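Notes follow once the structure below has been shown.
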Amino acid sequence: MGFLLWIYWNSISILGFFIGLNSSIQNFQSSNEYDHLKNASVTISNLMKNYDSRLRPKFGSGPMSIDMELVVASFDSISEVNMDYTITLYLNQYWQDERLAFNASHAGAMITMPGDFSNQIWVPDTFLANDKYSFLHDVTEKNKMLRIYGDGKIFYGMRFTTTLACMMDLHYYPLDEQNCTVEIESYGYPLDDVKMSWKNGRNAVHNIENIHMIQFTINSYDVHTLVSNLSTGLYQRLSLCFQLHRNVGFFVFQTYLPSILIVMLSWVSFWISHEATSARVALGITTVLTMTTISTGVRSSLPRISYVKAIDVYLVVCFVFVFSALLEYAAVNYTFWGERAKQKKKKLKENYDRSRTNLTKLSQPLFPDDMNNDLFLFNSENKNNEVVFPKTSSPDHNLYSCHREYQASGFPHNRIKSCSYTSNSVNSKKFRSSKNYRKFMHKFSKKYSSGINDYFEEIPMSASIEHTEIFNNQKTNTNPRQSNWKSQFCQSKSKHLHLPKVRNIKIIDKFSRILFPICFLLFNICYFCIYSL
């Protein structure tokens, strides 16, 4: 029984000892934490007591070194019109300020300060030389961080979005590659005061492999250290260069494929009959206007540069193919109607030869001399109603002149129903308005139906006196060389009129069905081989 009591009291004593020991330890830790926080505040206050933020570290003892590190967060946009791109970056800067060293024996000791503390110490005046517009993110607070290590090393980081200039070479657009850079430089401190460098060289840039863009792909990147020679001195500059390759998939479906289909659509007219004028012309004009619309849309998304781009070459050649298809139908149509005109002219010449044979059988004139200026005269007092010619005029010459004028025209659509000579004489006007004139024309065409009537039906409008005076007035033109100048002009003009010697009009279309696709295929092969390499 006594032994059990002894064990009980000993257990109570041991438990009380451990409880007291635990309380002592907690009190000691609380005291140490309080002392540590108190010492940190005192340390910072002591560090800032004699600190002058206007002077850089190592002032008066040579240049100081600043190491740079970049973390690429995202590529937001790239604009060919404005020649710039937008990127979000984490910029980390490392330097040493011995005035802020608080525990040199423990370099790993660190104090993390808020970003606003950077206003109380010296920080580099770093800026982006090719910057257009930048802003520091401030949600929920300003994205700035400052850490002070025991040996005086400073780590200063920030997150911002910037729009940087990128002068692009668009000769190969859209099959191009662009080099865009990030230029980091000290604004006020020359090379004698501040030397900048990339921390760990090329490894100073992080997160590139995780960047994905819609229009571009980052093929590679590289870092460079340069020296800028400005009017205020020499400045260290750090350059990060991105090599961007444009993804052509968008342009294949937006520009290249529609252009190819429009060019192929213009070839459909080669299988349409040449007599379907409205169908072929409408198809040709539609394809031409469509190519114009595509070209306008492409140019609206590009700057107004003077040199020729790869996309311009392709669109211009496609436009030429489409326009050539329209001109091909013009050639077919011209050849077709030219052949018909040639056959019609041949037929007219045969009718004319028959008419001259019949006209030689006409009787001598029965009219007075004052009526000799008209081509055809009719004597109402003549019982036989004979047709007569002027005494001083040759019927063969007049008809031959009219025929030559028809040859000069060469087209079958300008036709008139009679070839009459208009005179200002009173007798001629009375003659044409008389009933006898209509009787004469009816009897004349009926009597000489072997060719004369056909001849008068096919005289072109250019032979009418309202347009050109074919039958010369003998009273005014006494010189035979002056009276025949128009007929000579018509003869010389007809000699220079050459029509294509194509017997079958469909040969042009058949030839175009093969030539156009082969030429367009060769062009595409050469184009993509030249601009893709």
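By order in the structure tokens, chains are A, B, ...; within a chain, residues start at 1; ligands start at 1, following the order shown.
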With a cut-off of 10 Å, could you pull out the residues of segment 77-96 of chain A touching segment 128-151 of chain A and give me the nearest pair of atoms for each, distance in Å to one decimal, using only C-alpha atoms, ordered by chain and ascending number, as JSON lines?
```
{"residue": "A:Asp84", "atom": "CA", "partner": "A:Lys132", "partner_atom": "CA", "distance": 8.4}
{"residue": "A:Tyr85", "atom": "CA", "partner": "A:Lys132", "partner_atom": "CA", "distance": 9.7}
{"residue": "A:Thr86", "atom": "CA", "partner": "A:Tyr133", "partner_atom": "CA", "distance": 9.1}
{"residue": "A:Ile87", "atom": "CA", "partner": "A:Ser134", "partner_atom": "CA", "distance": 9.6}
{"residue": "A:Thr88", "atom": "CA", "partner": "A:Ser134", "partner_atom": "CA", "distance": 9.5}
{"residue": "A:Tyr90", "atom": "CA", "partner": "A:Asn143", "partner_atom": "CA", "distance": 9.5}
{"residue": "A:Leu91", "atom": "CA", "partner": "A:Lys144", "partner_atom": "CA", "distance": 9.8}
{"residue": "A:Asn92", "atom": "CA", "partner": "A:Met145", "partner_atom": "CA", "distance": 9.2}
{"residue": "A:Gln93", "atom": "CA", "partner": "A:Leu146", "partner_atom": "CA", "distance": 9.8}
{"residue": "A:Tyr94", "atom": "CA", "partner": "A:Arg147", "partner_atom": "CA", "distance": 9.9}
{"residue": "A:Gln96", "atom": "CA", "partner": "A:Asp151", "partner_atom": "CA", "distance": 8.1}
```
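Distances here use only C-alpha atoms; by that measure, the residue among A:Asn103, A:Ser53, A:Asn82, A:Asn179 closest to Val123 of chain A is A:Ser53.
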Please list as a ChimeraX atom specification every residue within 12 Å of Ser61 of chain A, counting only C-alpha atoms and excluding residues in the same chain fewer than 4 positions away. /A:56-57,192-194
Report as a PyMOL selection string: the residues of segment 157-365 of chain A with a DSSP assignment of alpha helix (DSSP H), based on the backbone of this structure. chain A and resi 249-251+257-266+277-300+310-359
Closest atom pairs, segment 270-316 of chain A residues within 12 Å of segment 240-256 of chain A, only C-alpha atoms, as CSV:
```
residue,atom,partner,partner_atom,distance
A:Thr290,CA,A:Thr255,CA,11.6
A:Met291,CA,A:Thr255,CA,9.9
A:Thr292,CA,A:Thr255,CA,11.9
A:Thr293,CA,A:Thr255,CA,10.8
A:Ile294,CA,A:Thr255,CA,7.1
A:Ser295,CA,A:Thr255,CA,8.6
A:Thr296,CA,A:Thr255,CA,11.1
A:Gly297,CA,A:Thr255,CA,9.2
A:Val298,CA,A:Thr255,CA,7.8
A:Arg299,CA,A:Thr255,CA,11.4
A:Ala310,CA,A:Tyr256,CA,11.5
A:Ile311,CA,A:Thr255,CA,8.7
A:Asp312,CA,A:Thr255,CA,11.0
A:Val313,CA,A:Tyr256,CA,11.7
A:Tyr314,CA,A:Tyr256,CA,8.2
A:Leu315,CA,A:Tyr256,CA,8.5
```
Using C-alpha atoms, can you write the selected residues to a file as a PDB file, in the first residue's frame?
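Written output follows (part-v1.pdb):
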```pdb
ATOM      1  CA  THR A 290     -14.184  40.025-105.844  1.00  0.00           C
ATOM      2  CA  MET A 291     -10.404  40.127-106.219  1.00  0.00           C
ATOM      3  CA  THR A 292     -10.520  43.885-105.746  1.00  0.00           C
ATOM      4  CA  THR A 293     -12.463  43.436-102.506  1.00  0.00           C
ATOM      5  CA  ILE A 294      -9.965  40.877-101.165  1.00  0.00           C
ATOM      6  CA  SER A 295      -7.050  43.185-101.986  1.00  0.00           C
ATOM      7  CA  THR A 296      -8.727  46.098-100.221  1.00  0.00           C
ATOM      8  CA  GLY A 297      -9.318  44.015 -97.099  1.00  0.00           C
ATOM      9  CA  VAL A 298      -5.684  42.920 -96.942  1.00  0.00           C
ATOM     10  CA  ARG A 299      -4.333  46.449 -97.388  1.00  0.00           C
ATOM     11  CA  ALA A 310       4.688  39.106-100.877  1.00  0.00           C
ATOM     12  CA  ILE A 311       0.920  39.257-100.458  1.00  0.00           C
ATOM     13  CA  ASP A 312       0.780  42.139-102.952  1.00  0.00           C
ATOM     14  CA  VAL A 313       2.590  40.050-105.557  1.00  0.00           C
ATOM     15  CA  TYR A 314       0.167  37.175-105.105  1.00  0.00           C
ATOM     16  CA  LEU A 315      -2.969  39.313-105.240  1.00  0.00           C
TER      17      LEU A 315
END
```
For segment 278-287 of chain A, list every protein, DNA or RNA residue within 12 Å, evaluated using only C-alpha atoms, and leave out those in the same chain fewer than 3 positions away; present the list as a ChimeraX atom specification. /A:258-275,290-294,318-330,332-333
Write the residues you've just listed into a file as a compact mmCIF listing (two decimals), in the first residue's frame, and include N, CA, C and O atoms for each of them.
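Heads up, here's the output in result-v8.txt:
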```txt
# COMPACT_ATOMS: atom_id res chain seq x y z
N PRO A 258 -9.23 31.81 -100.82
CA PRO A 258 -10.26 32.53 -101.60
C PRO A 258 -9.74 33.05 -102.93
O PRO A 258 -10.46 33.01 -103.94
N SER A 259 -8.52 33.54 -102.97
CA SER A 259 -7.97 34.04 -104.24
C SER A 259 -7.81 32.92 -105.25
O SER A 259 -8.12 33.10 -106.44
N ILE A 260 -7.35 31.76 -104.79
CA ILE A 260 -7.22 30.63 -105.71
C ILE A 260 -8.57 30.21 -106.26
O ILE A 260 -8.72 29.94 -107.46
N LEU A 261 -9.58 30.17 -105.40
CA LEU A 261 -10.91 29.76 -105.85
C LEU A 261 -11.51 30.77 -106.82
O LEU A 261 -12.19 30.40 -107.78
N ILE A 262 -11.25 32.05 -106.58
CA ILE A 262 -11.78 33.08 -107.49
C ILE A 262 -11.12 32.96 -108.86
O ILE A 262 -11.77 33.07 -109.91
N VAL A 263 -9.81 32.70 -108.88
CA VAL A 263 -9.12 32.53 -110.16
C VAL A 263 -9.66 31.30 -110.89
O VAL A 263 -9.90 31.34 -112.11
N MET A 264 -9.87 30.21 -110.17
CA MET A 264 -10.42 29.01 -110.80
C MET A 264 -11.84 29.24 -111.27
O MET A 264 -12.26 28.67 -112.29
N LEU A 265 -12.59 30.05 -110.54
CA LEU A 265 -13.96 30.36 -110.97
C LEU A 265 -13.97 31.12 -112.28
O LEU A 265 -14.87 30.95 -113.11
N SER A 266 -12.98 31.97 -112.49
CA SER A 266 -12.93 32.72 -113.75
C SER A 266 -12.69 31.80 -114.94
O SER A 266 -13.01 32.16 -116.08
N TRP A 267 -12.11 30.62 -114.71
CA TRP A 267 -11.87 29.68 -115.81
C TRP A 267 -13.15 28.99 -116.27
O TRP A 267 -13.14 28.35 -117.32
N VAL A 268 -14.22 29.07 -115.49
CA VAL A 268 -15.48 28.44 -115.88
C VAL A 268 -15.99 29.03 -117.19
O VAL A 268 -16.65 28.34 -117.97
N SER A 269 -15.67 30.28 -117.44
CA SER A 269 -16.16 30.93 -118.67
C SER A 269 -15.59 30.26 -119.92
O SER A 269 -16.17 30.39 -121.00
N PHE A 270 -14.47 29.54 -119.80
CA PHE A 270 -13.92 28.86 -120.97
C PHE A 270 -14.79 27.70 -121.44
O PHE A 270 -14.69 27.27 -122.57
N TRP A 271 -15.64 27.20 -120.55
CA TRP A 271 -16.55 26.10 -120.90
C TRP A 271 -17.95 26.61 -121.26
O TRP A 271 -18.81 25.81 -121.59
N ILE A 272 -18.16 27.91 -121.19
CA ILE A 272 -19.44 28.50 -121.57
C ILE A 272 -19.37 28.91 -123.03
O ILE A 272 -18.35 29.39 -123.51
N SER A 273 -20.47 28.73 -123.74
CA SER A 273 -20.51 29.07 -125.16
C SER A 273 -20.18 30.54 -125.39
O SER A 273 -20.59 31.41 -124.61
N HIS A 274 -19.46 30.80 -126.47
CA HIS A 274 -19.09 32.19 -126.76
C HIS A 274 -20.28 33.04 -127.14
O HIS A 274 -20.19 34.27 -127.16
N GLU A 275 -21.39 32.42 -127.46
CA GLU A 275 -22.59 33.18 -127.79
C GLU A 275 -23.34 33.65 -126.54
O GLU A 275 -24.20 34.52 -126.64
N THR A 290 -14.48 40.78 -107.05
CA THR A 290 -14.18 40.02 -105.84
C THR A 290 -12.70 40.10 -105.49
O THR A 290 -12.33 40.27 -104.32
N MET A 291 -11.83 39.99 -106.48
CA MET A 291 -10.40 40.13 -106.22
C MET A 291 -10.06 41.52 -105.72
O MET A 291 -9.20 41.69 -104.84
N THR A 292 -10.74 42.52 -106.23
CA THR A 292 -10.52 43.88 -105.75
C THR A 292 -10.91 44.02 -104.29
O THR A 292 -10.22 44.67 -103.49
N THR A 293 -12.02 43.38 -103.90
CA THR A 293 -12.46 43.44 -102.51
C THR A 293 -11.47 42.74 -101.58
O THR A 293 -11.17 43.23 -100.49
N ILE A 294 -10.95 41.59 -101.98
CA ILE A 294 -9.96 40.88 -101.17
C ILE A 294 -8.71 41.72 -101.00
O ILE A 294 -8.14 41.82 -99.90
N CYS A 318 -3.01 37.18 -109.20
CA CYS A 318 -4.37 36.61 -109.26
C CYS A 318 -5.31 37.56 -109.99
O CYS A 318 -6.17 37.12 -110.78
N PHE A 319 -5.17 38.84 -109.76
CA PHE A 319 -6.01 39.82 -110.46
C PHE A 319 -5.72 39.80 -111.96
O PHE A 319 -6.63 39.91 -112.78
N VAL A 320 -4.45 39.64 -112.31
CA VAL A 320 -4.09 39.57 -113.74
C VAL A 320 -4.70 38.33 -114.39
O VAL A 320 -5.22 38.40 -115.51
N PHE A 321 -4.69 37.19 -113.69
CA PHE A 321 -5.29 35.98 -114.24
C PHE A 321 -6.79 36.17 -114.44
O PHE A 321 -7.35 35.76 -115.47
N VAL A 322 -7.44 36.77 -113.46
CA VAL A 322 -8.89 36.97 -113.57
C VAL A 322 -9.21 37.94 -114.70
O VAL A 322 -10.13 37.72 -115.51
N PHE A 323 -8.45 39.00 -114.79
CA PHE A 323 -8.68 39.99 -115.84
C PHE A 323 -8.35 39.42 -117.21
O PHE A 323 -9.00 39.74 -118.21
N SER A 324 -7.33 38.56 -117.27
CA SER A 324 -6.98 37.93 -118.55
C SER A 324 -8.09 37.00 -119.03
O SER A 324 -8.32 36.89 -120.24
N ALA A 325 -8.76 36.34 -118.09
CA ALA A 325 -9.88 35.49 -118.48
C ALA A 325 -11.00 36.32 -119.10
O ALA A 325 -11.68 35.88 -120.04
N LEU A 326 -11.19 37.53 -118.57
CA LEU A 326 -12.20 38.41 -119.16
C LEU A 326 -11.76 38.91 -120.53
O LEU A 326 -12.57 38.99 -121.47
N LEU A 327 -10.48 39.23 -120.68
CA LEU A 327 -9.98 39.66 -121.98
C LEU A 327 -9.99 38.52 -123.00
O LEU A 327 -10.10 38.76 -124.21
N GLU A 328 -9.86 37.29 -122.51
CA GLU A 328 -9.90 36.14 -123.42
C GLU A 328 -11.25 36.07 -124.12
O GLU A 328 -11.33 35.77 -125.32
N TYR A 329 -12.31 36.35 -123.37
CA TYR A 329 -13.62 36.35 -124.02
C TYR A 329 -13.74 37.51 -124.99
O TYR A 329 -14.38 37.39 -126.05
N ALA A 330 -13.12 38.64 -124.67
CA ALA A 330 -13.14 39.76 -125.62
C ALA A 330 -12.46 39.37 -126.92
O ALA A 330 -12.92 39.72 -128.02
N VAL A 332 -12.23 36.27 -128.10
CA VAL A 332 -13.12 35.32 -128.76
C VAL A 332 -14.26 36.04 -129.45
O VAL A 332 -14.60 35.74 -130.61
N ASN A 333 -14.84 36.99 -128.75
CA ASN A 333 -15.97 37.73 -129.32
C ASN A 333 -15.55 38.55 -130.54
O ASN A 333 -16.25 38.60 -131.56
```
Using DSSP on the backbone, list every residue of segment 161-256 of chain A that comes out as strand (DSSP E or B), and give them as a count of residues only. 51
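Note that atom CA of Ser118 of chain A and atom CA of Asn50 of chain A are 16.2 Å apart.
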I'd like the contact shell of Met83 of chain A - 10 Å cut-off, only C-alpha atoms, skipping same-chain residues fewer than 5 positions apart - returned as a PyMOL selection string. chain A and resi 78+164-169+180+302-303
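Relative to atom CA of Gly188 of chain A, atom CA of Arg54 of chain A is found at 12.9 Å.
From atom CA of Asp222 of chain A back to atom CA of Val205 of chain A, the distance works out to 9.0 Å.
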Selection near segment 196-203 of chain A, 12 Å with only C-alpha atoms, sequence-local residues under 4 positions removed, as a PyMOL selection string: chain A and resi 63-71+91-95+124-126+183-187+189-192+207-208+220-227+235-241
